>>> print(open('run_21.txt').read())   # compact mmCIF, C-alpha atoms
# COMPACT_ATOMS: atom_id res chain seq x y z
CA MET Y 1 51.49 -122.05 146.04
CA ARG Y 2 50.15 -123.47 142.79
CA ALA Y 3 53.10 -125.85 142.64
CA LEU Y 4 52.40 -126.91 146.21
CA LEU Y 5 48.77 -127.57 145.29
CA VAL Y 6 49.61 -129.78 142.33
CA ALA Y 7 52.45 -131.59 144.10
CA ALA Y 8 50.36 -132.31 147.17
CA VAL Y 9 47.51 -133.74 145.12
CA ALA Y 10 49.99 -136.00 143.34
CA VAL Y 11 51.43 -137.27 146.59
CA ALA Y 12 47.99 -137.91 148.04
CA CYS Y 13 46.88 -140.04 145.12
CA VAL Y 14 47.65 -143.72 145.38
CA GLU Y 15 46.09 -145.16 142.25
CA GLY Y 16 44.27 -144.23 139.06
CA ARG Y 17 40.91 -145.34 137.71
CA ALA Y 18 39.04 -145.72 134.48
CA GLU Y 19 37.52 -142.34 133.63
CA GLN Y 20 34.06 -143.46 132.59
CA CYS Y 21 30.70 -141.77 133.01
CA ASN Y 22 28.92 -142.88 136.15
CA ILE Y 23 25.67 -140.95 135.97
CA ASP Y 24 23.79 -144.21 136.53
CA LEU Y 25 25.54 -144.71 139.86
CA TYR Y 26 24.33 -141.35 141.11
CA PRO Y 27 21.00 -140.63 139.41
CA SER Y 28 19.93 -137.03 139.93
CA THR Y 29 16.50 -135.51 139.86
CA TYR Y 30 16.30 -132.08 138.31
CA PRO Y 31 15.28 -129.67 139.63
CA PRO Y 32 16.35 -130.60 143.15
CA THR Y 33 13.84 -129.82 145.89
CA GLU Y 34 15.95 -130.15 149.05
CA ALA Y 35 15.69 -127.01 151.17
CA ASN Y 36 19.38 -127.11 152.09
CA MET Y 37 20.31 -126.66 148.42
CA THR Y 38 18.50 -123.34 148.07
CA VAL Y 39 20.69 -120.30 147.39
CA PRO Y 40 19.45 -116.99 148.88
CA TYR Y 41 18.77 -114.07 146.54
CA LYS Y 42 20.27 -110.60 147.08
CA VAL Y 43 20.69 -107.31 145.20
CA VAL Y 44 23.79 -105.16 144.87
CA ASN Y 45 22.63 -101.62 144.15
CA LEU Y 46 25.19 -99.98 141.88
CA ASP Y 47 23.51 -96.58 142.36
CA LEU Y 48 24.87 -96.47 145.91
CA LEU Y 49 28.29 -95.15 146.74
CA PRO Y 50 30.80 -98.01 146.37
CA MET Y 51 31.52 -98.04 150.10
CA ASP Y 52 27.81 -98.62 150.83
CA ARG Y 53 26.96 -101.26 148.21
CA TRP Y 54 27.77 -104.24 150.42
CA THR Y 55 26.52 -102.86 153.75
CA ALA Y 56 23.35 -104.98 153.88
CA ILE Y 57 25.04 -108.20 152.76
CA GLY Y 58 28.13 -107.57 154.90
CA THR Y 59 25.97 -106.96 157.98
CA GLU Y 60 23.83 -110.06 157.45
CA TYR Y 61 26.79 -112.34 156.76
CA LYS Y 62 29.32 -110.74 159.10
CA ALA Y 63 29.67 -113.81 161.32
CA GLY Y 64 30.07 -116.15 158.36
CA ILE Y 65 32.70 -113.99 156.67
CA ASN Y 66 34.69 -113.74 159.90
CA LYS Y 67 34.45 -117.51 160.36
CA LEU Y 68 35.70 -118.06 156.82
CA ILE Y 69 38.78 -115.90 157.39
CA ASN Y 70 39.50 -117.69 160.68
CA VAL Y 71 39.21 -121.10 159.04
CA PHE Y 72 41.59 -120.04 156.29
CA LEU Y 73 44.15 -118.69 158.75
CA ASN Y 74 43.87 -121.68 161.09
CA HIS Y 75 43.80 -124.50 158.55
CA SER Y 76 45.27 -123.30 155.25
CA VAL Y 77 48.23 -121.20 156.26
CA GLY Y 78 50.38 -123.60 158.26
CA GLY Y 79 52.65 -120.91 159.70
CA PRO Y 80 55.08 -118.44 158.11
CA SER Y 81 57.54 -121.20 157.17
CA THR Y 82 55.13 -122.59 154.52
CA PRO Y 83 54.65 -120.95 151.09
CA VAL Y 84 51.02 -120.07 151.84
CA GLY Y 85 51.87 -118.86 155.33
CA HIS Y 86 54.69 -116.70 154.04
CA PHE Y 87 52.40 -115.18 151.40
CA VAL Y 88 49.65 -114.45 153.93
CA GLU Y 89 52.13 -112.92 156.35
CA ARG Y 90 53.42 -110.59 153.64
CA VAL Y 91 49.92 -109.49 152.64
CA LEU Y 92 48.84 -108.84 156.22
CA ASN Y 93 52.05 -106.93 156.98
CA ALA Y 94 51.83 -104.86 153.79
CA ASP Y 95 50.50 -101.31 153.55
CA SER Y 96 46.80 -102.01 152.89
CA GLU Y 97 46.15 -98.53 151.56
CA LYS Y 98 48.97 -98.93 149.07
CA LEU Y 99 47.53 -102.24 147.90
CA LEU Y 100 44.06 -100.72 147.51
CA SER Y 101 45.49 -97.85 145.50
CA LYS Y 102 46.49 -100.36 142.80
CA LEU Y 103 42.85 -101.33 142.22
CA PRO Y 104 40.21 -99.33 140.35
CA LYS Y 105 38.88 -96.81 142.87
CA GLU Y 106 35.32 -98.15 142.71
CA TYR Y 107 36.42 -101.66 143.70
CA ALA Y 108 38.86 -100.42 146.33
CA GLU Y 109 36.06 -98.49 148.03
CA GLU Y 110 33.78 -101.54 148.03
CA ILE Y 111 36.50 -103.53 149.80
CA ARG Y 112 36.96 -100.71 152.29
CA GLY Y 113 33.23 -100.66 153.00
CA LEU Y 114 33.16 -104.41 153.58
CA SER Y 115 36.09 -104.14 155.96
CA MET Y 116 34.21 -101.55 157.99
CA VAL Y 117 30.88 -103.37 158.12
CA THR Y 118 32.35 -106.79 158.96
CA GLY Y 119 34.88 -105.45 161.46
CA LEU Y 120 37.68 -107.26 159.64
CA ASP Y 121 41.04 -105.60 159.26
CA LEU Y 122 41.51 -104.22 155.74
CA GLY Y 123 44.37 -106.65 155.13
CA TYR Y 124 42.10 -109.63 155.78
CA MET Y 125 39.46 -108.32 153.41
CA ILE Y 126 42.07 -107.81 150.68
CA LEU Y 127 43.27 -111.36 151.30
CA PHE Y 128 39.71 -112.64 150.77
CA GLN Y 129 39.57 -110.93 147.37
CA LEU Y 130 42.77 -112.71 146.28
CA ALA Y 131 41.32 -116.18 146.91
CA TYR Y 132 40.48 -117.12 143.33
CA GLU Y 133 43.93 -116.05 142.18
CA LEU Y 134 45.36 -118.75 144.44
CA GLU Y 135 43.12 -121.81 144.26
CA GLY Y 136 40.04 -123.42 142.79
CA LEU Y 137 39.16 -126.74 141.16
CA CYS Y 138 36.17 -126.40 138.86
CA THR Y 139 34.27 -127.81 135.90
CA SER Y 140 32.62 -125.63 133.23
CA ILE Y 141 30.59 -126.81 130.22
CA VAL Y 142 29.07 -124.93 127.28
CA ALA Y 143 26.86 -127.08 125.04
CA GLN Y 144 24.67 -126.63 121.97
CA ASP Y 145 21.55 -128.76 121.77
CA ALA Y 146 20.04 -130.25 118.63
CA GLU Y 147 17.98 -127.09 118.07
CA GLY Y 148 21.04 -124.82 118.21
CA LYS Y 149 20.34 -123.45 121.70
CA ILE Y 150 23.32 -122.68 123.95
CA TRP Y 151 23.51 -123.88 127.56
CA HIS Y 152 26.15 -123.20 130.22
CA GLY Y 153 26.84 -125.01 133.49
CA ARG Y 154 29.54 -125.15 136.12
CA ASN Y 155 30.57 -126.61 139.47
CA LEU Y 156 32.76 -124.49 141.71
CA ASP Y 157 35.07 -126.52 143.96
CA PHE Y 158 37.10 -124.73 146.60
CA GLY Y 159 38.93 -125.44 149.85
CA LEU Y 160 41.60 -128.04 149.04
CA PHE Y 161 44.18 -128.51 151.83
CA SER Y 162 42.25 -126.21 154.15
CA GLY Y 163 42.05 -128.73 156.95
CA TYR Y 164 39.93 -131.87 156.84
CA ASN Y 165 37.45 -132.66 159.61
CA TRP Y 166 37.18 -136.44 159.78
CA THR Y 167 34.47 -136.35 162.47
CA GLU Y 168 31.86 -134.35 160.55
CA PRO Y 169 29.52 -136.69 158.64
CA GLU Y 170 28.42 -135.62 155.18
CA GLY Y 171 25.87 -138.37 154.82
CA GLY Y 172 26.07 -141.88 153.47
CA GLY Y 173 27.90 -143.04 156.56
CA PHE Y 174 31.29 -141.63 155.58
CA PRO Y 175 32.63 -138.85 157.82
CA GLY Y 176 34.60 -135.90 156.68
CA ALA Y 177 34.52 -132.45 155.19
CA TRP Y 178 36.98 -129.80 154.07
CA GLU Y 179 36.84 -127.00 156.64
CA LEU Y 180 37.05 -124.11 154.16
CA THR Y 181 34.46 -125.68 151.85
CA GLU Y 182 32.07 -125.98 154.77
CA ALA Y 183 32.66 -122.34 155.72
CA LEU Y 184 31.98 -121.18 152.15
CA ARG Y 185 28.63 -122.92 151.57
CA PRO Y 186 26.60 -120.67 153.95
CA LEU Y 187 27.96 -117.62 152.10
CA ILE Y 188 26.70 -118.59 148.61
CA LEU Y 189 24.32 -116.02 147.14
CA LYS Y 190 22.43 -115.37 143.91
CA VAL Y 191 22.96 -111.69 143.16
CA ASP Y 192 21.31 -109.27 140.76
CA TRP Y 193 23.52 -106.25 140.09
CA GLN Y 194 21.12 -103.39 139.54
CA LYS Y 195 21.24 -99.81 138.30
CA ASN Y 196 18.15 -97.56 138.33
CA GLY Y 197 16.17 -100.57 139.52
CA THR Y 198 17.12 -102.63 136.45
CA THR Y 199 19.25 -105.76 136.59
CA ILE Y 200 22.46 -105.25 134.62
CA PHE Y 201 23.69 -108.82 135.13
CA SER Y 202 23.28 -111.74 137.53
CA SER Y 203 25.89 -113.80 139.33
CA VAL Y 204 26.59 -116.38 142.01
CA GLN Y 205 28.75 -114.92 144.78
CA TYR Y 206 30.30 -115.72 148.10
CA ALA Y 207 29.14 -112.99 150.49
CA GLY Y 208 31.94 -110.44 150.88
CA TYR Y 209 33.67 -111.29 147.61
CA ILE Y 210 33.33 -108.43 145.11
CA GLY Y 211 34.72 -110.12 141.98
CA VAL Y 212 32.61 -112.33 139.69
CA HIS Y 213 33.61 -115.90 138.85
CA THR Y 214 30.15 -116.96 137.62
CA GLY Y 215 27.69 -114.68 135.88
CA MET Y 216 25.25 -114.04 133.05
CA LYS Y 217 23.85 -111.07 131.14
CA LYS Y 218 20.33 -111.84 129.92
CA GLY Y 219 20.00 -112.04 126.16
CA MET Y 220 23.74 -111.55 125.69
CA PHE Y 221 26.22 -114.00 127.25
CA GLY Y 222 27.23 -116.17 130.20
CA MET Y 223 30.63 -116.48 131.85
CA SER Y 224 32.48 -118.74 134.28
CA VAL Y 225 36.15 -118.91 135.22
CA ASP Y 226 38.27 -121.92 136.19
CA SER Y 227 41.68 -121.86 137.84
CA ARG Y 228 44.74 -122.70 135.77
CA PHE Y 229 48.17 -123.76 137.00
CA ASP Y 230 51.38 -122.84 135.18
CA ASN Y 231 55.15 -122.71 135.67
CA ASN Y 232 55.08 -119.11 136.86
CA LEU Y 233 53.47 -120.22 140.12
CA ASP Y 234 52.43 -116.95 141.82
CA LYS Y 235 55.26 -114.82 140.49
CA TYR Y 236 53.09 -112.16 138.90
CA LEU Y 237 50.66 -112.00 141.80
CA LEU Y 238 53.58 -111.33 144.13
CA ASP Y 239 55.01 -108.80 141.68
CA TRP Y 240 51.64 -107.03 141.56
CA LEU Y 241 51.32 -106.97 145.33
CA PHE Y 242 54.85 -106.04 146.25
CA GLY Y 243 56.47 -104.85 143.02
CA SER Y 244 55.65 -102.81 139.97
CA TYR Y 245 53.78 -105.34 137.81
CA GLU Y 246 50.57 -103.94 136.35
CA GLY Y 247 47.76 -106.27 135.45
CA GLU Y 248 44.10 -106.93 136.24
CA PHE Y 249 42.69 -109.44 138.66
CA LEU Y 250 40.64 -112.02 136.80
CA THR Y 251 37.32 -111.73 138.63
CA LEU Y 252 37.40 -107.93 138.64
CA ALA Y 253 38.01 -107.94 134.88
CA THR Y 254 35.12 -110.35 134.35
CA ARG Y 255 32.87 -108.19 136.53
CA THR Y 256 33.78 -105.15 134.42
CA THR Y 257 32.96 -107.08 131.25
CA LEU Y 258 29.62 -108.22 132.62
CA THR Y 259 28.87 -104.59 133.43
CA GLN Y 260 29.95 -103.09 130.10
CA ALA Y 261 29.73 -105.65 127.29
CA THR Y 262 26.47 -105.92 125.33
CA SER Y 263 27.10 -109.09 123.30
CA TYR Y 264 28.98 -112.37 123.29
CA ALA Y 265 31.39 -111.01 120.68
CA GLU Y 266 32.13 -107.91 122.75
CA ALA Y 267 32.64 -109.95 125.92
CA LYS Y 268 34.99 -112.30 124.09
CA GLN Y 269 36.96 -109.38 122.69
CA GLN Y 270 37.27 -107.65 126.09
CA LEU Y 271 38.34 -110.80 127.91
CA SER Y 272 40.86 -111.61 125.16
CA THR Y 273 42.64 -108.26 125.38
CA PHE Y 274 43.50 -107.47 128.99
CA LYS Y 275 46.72 -108.10 130.91
CA THR Y 276 46.11 -110.66 133.65
CA VAL Y 277 47.75 -111.06 137.03
CA GLY Y 278 47.44 -114.84 137.12
CA PRO Y 279 46.71 -117.75 134.74
CA SER Y 280 43.10 -118.78 134.17
CA TYR Y 281 40.45 -120.24 131.92
CA ILE Y 282 37.54 -118.00 130.95
CA ILE Y 283 34.53 -119.90 129.64
CA LEU Y 284 31.96 -117.92 127.64
CA SER Y 285 28.54 -118.79 126.24
CA GLY Y 286 26.37 -116.78 123.86
CA ILE Y 287 22.84 -116.83 122.51
CA GLU Y 288 23.39 -117.90 118.90
CA ALA Y 289 24.41 -121.30 117.53
CA GLY Y 290 28.17 -121.81 117.78
CA GLU Y 291 28.69 -119.10 120.42
CA GLY Y 292 30.87 -120.59 123.13
CA CYS Y 293 34.57 -120.73 123.90
CA VAL Y 294 37.33 -121.36 126.41
CA LEU Y 295 39.99 -118.65 126.62
CA THR Y 296 43.25 -119.98 128.05
CA ARG Y 297 44.95 -117.03 129.70
CA GLY Y 298 48.50 -116.67 131.01
CA PRO Y 299 50.00 -113.90 133.15
CA ASN Y 300 51.96 -111.04 131.61
CA MET Y 301 50.08 -111.53 128.33
CA VAL Y 302 47.49 -109.31 126.67
CA THR Y 303 46.05 -112.04 124.41
CA PRO Y 304 45.04 -115.67 125.13
CA ILE Y 305 47.45 -118.57 124.83
CA ASP Y 306 44.61 -120.41 123.12
CA THR Y 307 41.01 -119.81 122.09
CA TRP Y 308 38.93 -123.00 121.92
CA ASP Y 309 35.72 -122.24 120.04
CA LEU Y 310 32.51 -124.23 120.16
CA ALA Y 311 32.02 -123.46 116.47
CA ASP Y 312 35.19 -125.41 115.66
CA GLN Y 313 34.08 -128.30 117.85
CA LEU Y 314 30.78 -128.50 116.02
CA LYS Y 315 32.66 -128.95 112.75
CA LYS Y 316 34.23 -132.03 114.37
CA ASN Y 317 30.79 -133.36 115.42
CA THR Y 318 31.34 -132.43 119.07
CA TYR Y 319 28.55 -130.30 120.52
CA PHE Y 320 30.30 -128.88 123.59
CA VAL Y 321 33.47 -127.47 125.14
CA LEU Y 322 34.33 -128.73 128.60
CA GLU Y 323 37.04 -127.26 130.85
CA THR Y 324 38.29 -128.33 134.26
CA ASN Y 325 41.67 -126.96 135.34
CA TYR Y 326 44.10 -128.18 132.69
CA ASP Y 327 44.91 -127.17 129.11
CA HIS Y 328 42.42 -128.93 126.84
CA TRP Y 329 45.10 -129.97 124.32
CA LYS Y 330 47.01 -131.89 127.01
CA LYS Y 331 46.03 -134.99 128.95
CA PRO Y 332 44.79 -134.21 132.45
CA PRO Y 333 46.88 -135.59 135.31
CA ILE Y 334 45.94 -139.04 136.55
CA PHE Y 335 45.50 -137.70 140.09
CA ASP Y 336 42.79 -135.25 139.01
CA ASN Y 337 41.03 -136.43 135.88
CA ARG Y 338 37.55 -134.99 136.17
CA ARG Y 339 37.56 -134.19 132.47
CA ASP Y 340 37.37 -137.61 130.83
CA SER Y 341 34.44 -138.94 132.87
CA ALA Y 342 32.43 -135.78 132.12
CA VAL Y 343 33.33 -135.97 128.42
CA ASP Y 344 32.23 -139.61 128.38
CA CYS Y 345 28.91 -138.57 129.91
CA MET Y 346 28.38 -135.84 127.32
CA ASN Y 347 29.44 -137.95 124.34
CA ASN Y 348 28.33 -141.47 125.06
CA THR Y 349 25.73 -141.46 127.83
CA ILE Y 350 23.83 -138.41 126.59
CA GLY Y 351 24.86 -137.23 123.11
CA GLN Y 352 23.56 -134.13 121.34
CA ALA Y 353 20.31 -135.72 120.19
CA LYS Y 354 19.32 -136.49 123.80
CA PHE Y 355 20.91 -133.42 125.40
CA ASN Y 356 18.20 -131.70 127.44
CA GLY Y 357 19.51 -128.35 128.65
CA PHE Y 358 19.59 -127.92 132.41
CA VAL Y 359 18.60 -131.54 133.07
CA SER Y 360 21.59 -132.96 131.19
CA LEU Y 361 24.07 -130.42 132.54
CA TYR Y 362 22.88 -131.06 136.08
CA ASP Y 363 23.21 -134.82 135.60
CA VAL Y 364 26.82 -134.52 134.37
CA LEU Y 365 27.78 -132.09 137.13
CA SER Y 366 26.17 -134.37 139.73
CA ALA Y 367 28.23 -137.41 138.74
CA GLY Y 368 31.58 -138.11 140.35
CA PRO Y 369 34.28 -137.07 140.35
CA ASN Y 370 32.94 -133.70 139.14
CA LEU Y 371 30.70 -133.62 142.19
CA ASN Y 372 33.08 -134.14 145.11
CA ARG Y 373 33.74 -133.05 148.68
CA LEU Y 374 35.07 -129.67 147.51
CA THR Y 375 32.00 -128.76 145.44
CA THR Y 376 30.21 -125.71 146.85
CA PHE Y 377 27.60 -125.02 144.16
CA THR Y 378 26.27 -125.91 140.74
CA TRP Y 379 25.17 -123.12 138.37
CA LEU Y 380 23.12 -123.54 135.20
CA ALA Y 381 22.38 -120.79 132.68
CA HIS Y 382 20.57 -120.23 129.39
CA PRO Y 383 21.77 -116.77 128.30
CA ALA Y 384 19.25 -116.40 125.47
CA THR Y 385 16.28 -116.40 127.88
CA GLY Y 386 18.13 -115.22 130.98
CA GLU Y 387 17.06 -118.28 132.97
CA HIS Y 388 19.66 -119.33 135.51
CA ASN Y 389 19.55 -121.62 138.54
CA SER Y 390 22.02 -122.23 141.35
CA TYR Y 391 22.16 -124.93 144.00
CA LYS Y 392 24.34 -125.51 147.03
CA ARG Y 393 25.98 -128.90 146.66
CA ARG Y 394 27.30 -131.40 149.16
CA CYS Y 395 28.53 -134.75 147.94
CA THR Y 396 27.38 -137.78 149.94
CA GLY Y 397 28.23 -141.47 149.75
CA VAL Y 398 31.17 -143.78 150.36
CA HIS Y 399 32.28 -145.77 147.35
CA GLY Y 400 35.77 -144.44 146.91
CA GLY Y 401 36.86 -142.24 144.06
CA HIS Y 402 40.02 -140.50 143.04
CA GLY Y 403 41.90 -139.05 145.99
CA VAL Y 404 40.64 -141.56 148.58
CA PRO Y 405 43.79 -143.35 149.71
CA GLY Y 406 43.44 -147.09 150.02
CA SER Y 407 39.86 -147.19 148.81
CA GLY Y 408 40.55 -150.26 146.69
CA THR Y 409 37.63 -149.46 144.41
CA TRP Y 410 36.77 -146.75 141.95
CA GLU Y 411 33.00 -146.87 142.09
CA PHE Y 412 31.47 -143.43 142.41
CA GLY Y 413 31.14 -141.98 145.86
CA CYS Y 414 32.63 -138.80 147.20
CA ALA Y 415 36.09 -138.11 145.97
CA MET Y 416 37.95 -135.77 148.30
CA TRP Y 417 38.54 -133.50 145.26
>>> encode(input="run_21.txt", output="structure tokens")
Amino acid sequence: MRALLVAAVAVACVEGRAEQCNIDLYPSTYPPTEANMTVPYKVVNLDLLPMDRWTAIGTEYKAGINKLINVFLNHSVGGPSTPVGHFVERVLNADSEKLLSKLPKEYAEEIRGLSMVTGLDLGYMILFQLAYELEGLCTSIVAQDAEGKIWHGRNLDFGLFSGYNWTEPEGGGFPGAWELTEALRPLILKVDWQKNGTTIFSSVQYAGYIGVHTGMKKGMFGMSVDSRFDNNLDKYLLDWLFGSYEGEFLTLATRTTLTQATSYAEAKQQLSTFKTVGPSYIILSGIEAGEGCVLTRGPNMVTPIDTWDLADQLKKNTYFVLETNYDHWKKPPIFDNRRDSAVDCMNNTIGQAKFNGFVSLYDVLSAGPNLNRLTTFTWLAHPATGEHNSYKRRCTGVHGGHGVPGSGTWEFGCAMW
């Protein structure tokens, strides 16, 4: 499936473009005030039995979660003859109880509870939890300002090749939206995970998804994860599901770390020493100068392939680490080069002397192609103070961009990814 994703993007692209910062073409105003960008706030009470923790959220968002699953099945699968369709068919035909038994009991019971409250078959709810192991196109940045403060931001893009609705206008006169992306936006939540009435950590979630891809522990560290593609495709995921491979799912491991770790160093150590099911990038931020890194993880490995530390970047007069979905020591593919334009923004348009925390991160993450038609939300965090803000995003405009066949121009607008 990962090979299909990369190959399809390559086929869809018809030309490249200069990867330059275009903040000036899409000036943002932070903080945004549009009502449709507001993310609802919820609490997950960890004192409840695992099966009951998601009852309130599952009940409130039952219709949206069911719609999401239907969109995925109708637009992403493509029938059992396709790689995705074959995978989905195998998951849905598998023994759901056997699959749940491979997960930590606490998490398995949460999934069971969500299945009951939403009315979705257990197989569908398990499939939902596998989503981030299969797909995701994201941008994460950790930066240190001139005063030594650490800031963390990310866009989460999701829904590529999930069916494109050419008749639904997104604004700016250009019609079109990815079906799965549209189904995800109403499910975005800001969540405080609480025990004994005290917040243990905070995250941004899709309702019904129990793992954590974006989170922060006040006064300790922040974390985001980006998808990574490698030559193993989904071998180890399939081996975990239907064979004897033992490993941990990325967003369940990160949730465990957010629950247990009490410092940046401890979080980094935990997330550098577990056996993963799939490849990934784990981006961490701390509270002290130099605390930030990108862990490049591969499946069937207990330690990272690479650890890219902010402290080392600072020695090279670079004040940030920036990860999209490709190994930082390699050139990104021409059909999906979100990295270089964002780096140009950070280095040349802003620079450390002018870097202004949330304002600067929001500006970079609002400029194309990092803001695109797949972007569901932007998250900004300052772990030292615990301040964090999240916004639903929807790209508008029609000036071309990478992935718009025949556009003839590479001014910023809304790239399809």
>>> residues_around(input="run_21.txt", residues="Leu103 (chain Y)", least_positions_apart="4", cutoff="9 Å", atoms="only C-alpha atoms", output="list in words")
Leu99, Tyr107, Ala108, Glu248 and Phe249 of chain Y
>>> residues_around(input="run_21.txt", residues="Asp327 (chain Y)", least_positions_apart="5", cutoff="9 Å", atoms="only C-alpha atoms", output="ChimeraX atom specification")
/Y:228,281,296,332
>>> closest_residue(input="run_21.txt", among="Y:Thr139, Y:Thr303, Y:Ser285, Y:Thr251", to="Asn372 (chain Y)", atoms="all atoms listed in the file")
Y:Thr139
>>> residues_around(input="run_21.txt", residues="Gln270 (chain Y)", least_positions_apart="6", cutoff="10 Å", atoms="only C-alpha atoms", output="MDAnalysis selection string")
chainID Y and resid 253:254 256:257 260:261 264 303
>>> closest_residue(input="run_21.txt", among="Y:Thr273, Y:Thr376, Y:Ser96, Y:Asn389", to="Thr181 (chain Y)", atoms="only C-alpha atoms")
Y:Thr376
>>> atom_distance(input="run_21.txt", atom1="CA of Gly64 (chain Y)", atom2="CA of Ala177 (chain Y)")
17.2 Å
>>> closest_residue(input="run_21.txt", among="Y:Asn196, Y:Asn347, Y:Thr29, Y:Ser280", to="Ser224 (chain Y)", atoms="only C-alpha atoms")
Y:Ser280
>>> atom_distance(input="run_21.txt", atom1="CA of Ala384 (chain Y)", atom2="CA of Lys190 (chain Y)")
18.7 Å
>>> atom_distance(input="run_21.txt", atom1="CA of Gly222 (chain Y)", atom2="CA of Trp308 (chain Y)")
15.9 Å
>>> closest_atom_pairs(input="run_21.txt", of="region 146-222 of chain Y", to="region 319-323 of chain Y", cutoff="10 Å", atoms="only C-alpha atoms", output="Markdown table")
| residue | atom | partner | partner_atom | distance |
| --- | --- | --- | --- | --- |
| Y:Ala146 | CA | Y:Tyr319 | CA | 8.7 |
| Y:Gly148 | CA | Y:Tyr319 | CA | 9.6 |
| Y:Ile150 | CA | Y:Phe320 | CA | 9.3 |
| Y:Trp151 | CA | Y:Phe320 | CA | 9.3 |
| Y:His152 | CA | Y:Phe320 | CA | 9.7 |
| Y:Gly153 | CA | Y:Leu322 | CA | 9.7 |
| Y:Arg154 | CA | Y:Glu323 | CA | 9.4 |
>>> build_atoms(input="run_21.txt", residues="region 181-186 of chain Y", atoms="all heavy atoms", output="mmCIF file, in the coordinates of the input")
data_model
loop_
_atom_site.group_PDB
_atom_site.id
_atom_site.type_symbol
_atom_site.label_atom_id
_atom_site.label_comp_id
_atom_site.auth_asym_id
_atom_site.auth_seq_id
_atom_site.Cartn_x
_atom_site.Cartn_y
_atom_site.Cartn_z
ATOM 1 N N THR Y 181 35.638 -125.423 152.672
ATOM 2 C CA THR Y 181 34.460 -125.680 151.850
ATOM 3 C C THR Y 181 33.192 -125.531 152.675
ATOM 4 O O THR Y 181 32.203 -124.930 152.239
ATOM 5 C CB THR Y 181 34.526 -127.086 151.239
ATOM 6 O OG1 THR Y 181 35.803 -127.270 150.611
ATOM 7 C CG2 THR Y 181 33.436 -127.309 150.218
ATOM 8 N N GLU Y 182 33.223 -126.083 153.887
ATOM 9 C CA GLU Y 182 32.070 -125.980 154.770
ATOM 10 C C GLU Y 182 31.786 -124.539 155.168
ATOM 11 O O GLU Y 182 30.626 -124.135 155.311
ATOM 12 C CB GLU Y 182 32.306 -126.826 156.032
ATOM 13 C CG GLU Y 182 32.349 -128.316 155.778
ATOM 14 C CD GLU Y 182 31.028 -128.840 155.245
ATOM 15 O OE1 GLU Y 182 30.007 -128.736 155.959
ATOM 16 O OE2 GLU Y 182 30.990 -129.329 154.115
ATOM 17 N N ALA Y 183 32.834 -123.745 155.335
ATOM 18 C CA ALA Y 183 32.660 -122.340 155.720
ATOM 19 C C ALA Y 183 32.126 -121.505 154.550
ATOM 20 O O ALA Y 183 31.460 -120.483 154.762
ATOM 21 C CB ALA Y 183 33.971 -121.765 156.232
ATOM 22 N N LEU Y 184 32.416 -121.934 153.325
ATOM 23 C CA LEU Y 184 31.980 -121.180 152.150
ATOM 24 C C LEU Y 184 30.498 -121.393 151.825
ATOM 25 O O LEU Y 184 29.810 -120.467 151.390
ATOM 26 C CB LEU Y 184 32.810 -121.583 150.930
ATOM 27 C CG LEU Y 184 34.182 -120.927 150.780
ATOM 28 C CD1 LEU Y 184 34.992 -121.644 149.713
ATOM 29 C CD2 LEU Y 184 34.031 -119.452 150.421
ATOM 30 N N ARG Y 185 29.987 -122.610 152.017
ATOM 31 C CA ARG Y 185 28.630 -122.920 151.570
ATOM 32 C C ARG Y 185 27.570 -121.960 152.140
ATOM 33 O O ARG Y 185 26.662 -121.541 151.417
ATOM 34 C CB ARG Y 185 28.263 -124.362 151.917
ATOM 35 C CG ARG Y 185 28.896 -125.381 150.980
ATOM 36 C CD ARG Y 185 28.208 -126.728 151.065
ATOM 37 N NE ARG Y 185 28.972 -127.734 150.331
ATOM 38 C CZ ARG Y 185 29.837 -128.575 150.885
ATOM 39 N NH1 ARG Y 185 30.035 -128.529 152.203
ATOM 40 N NH2 ARG Y 185 30.496 -129.442 150.168
ATOM 41 N N PRO Y 186 27.638 -121.593 153.433
ATOM 42 C CA PRO Y 186 26.600 -120.670 153.950
ATOM 43 C C PRO Y 186 26.687 -119.267 153.361
ATOM 44 O O PRO Y 186 25.764 -118.471 153.561
ATOM 45 C CB PRO Y 186 26.894 -120.638 155.458
ATOM 46 C CG PRO Y 186 27.697 -121.864 155.741
ATOM 47 C CD PRO Y 186 28.510 -122.097 154.510
#
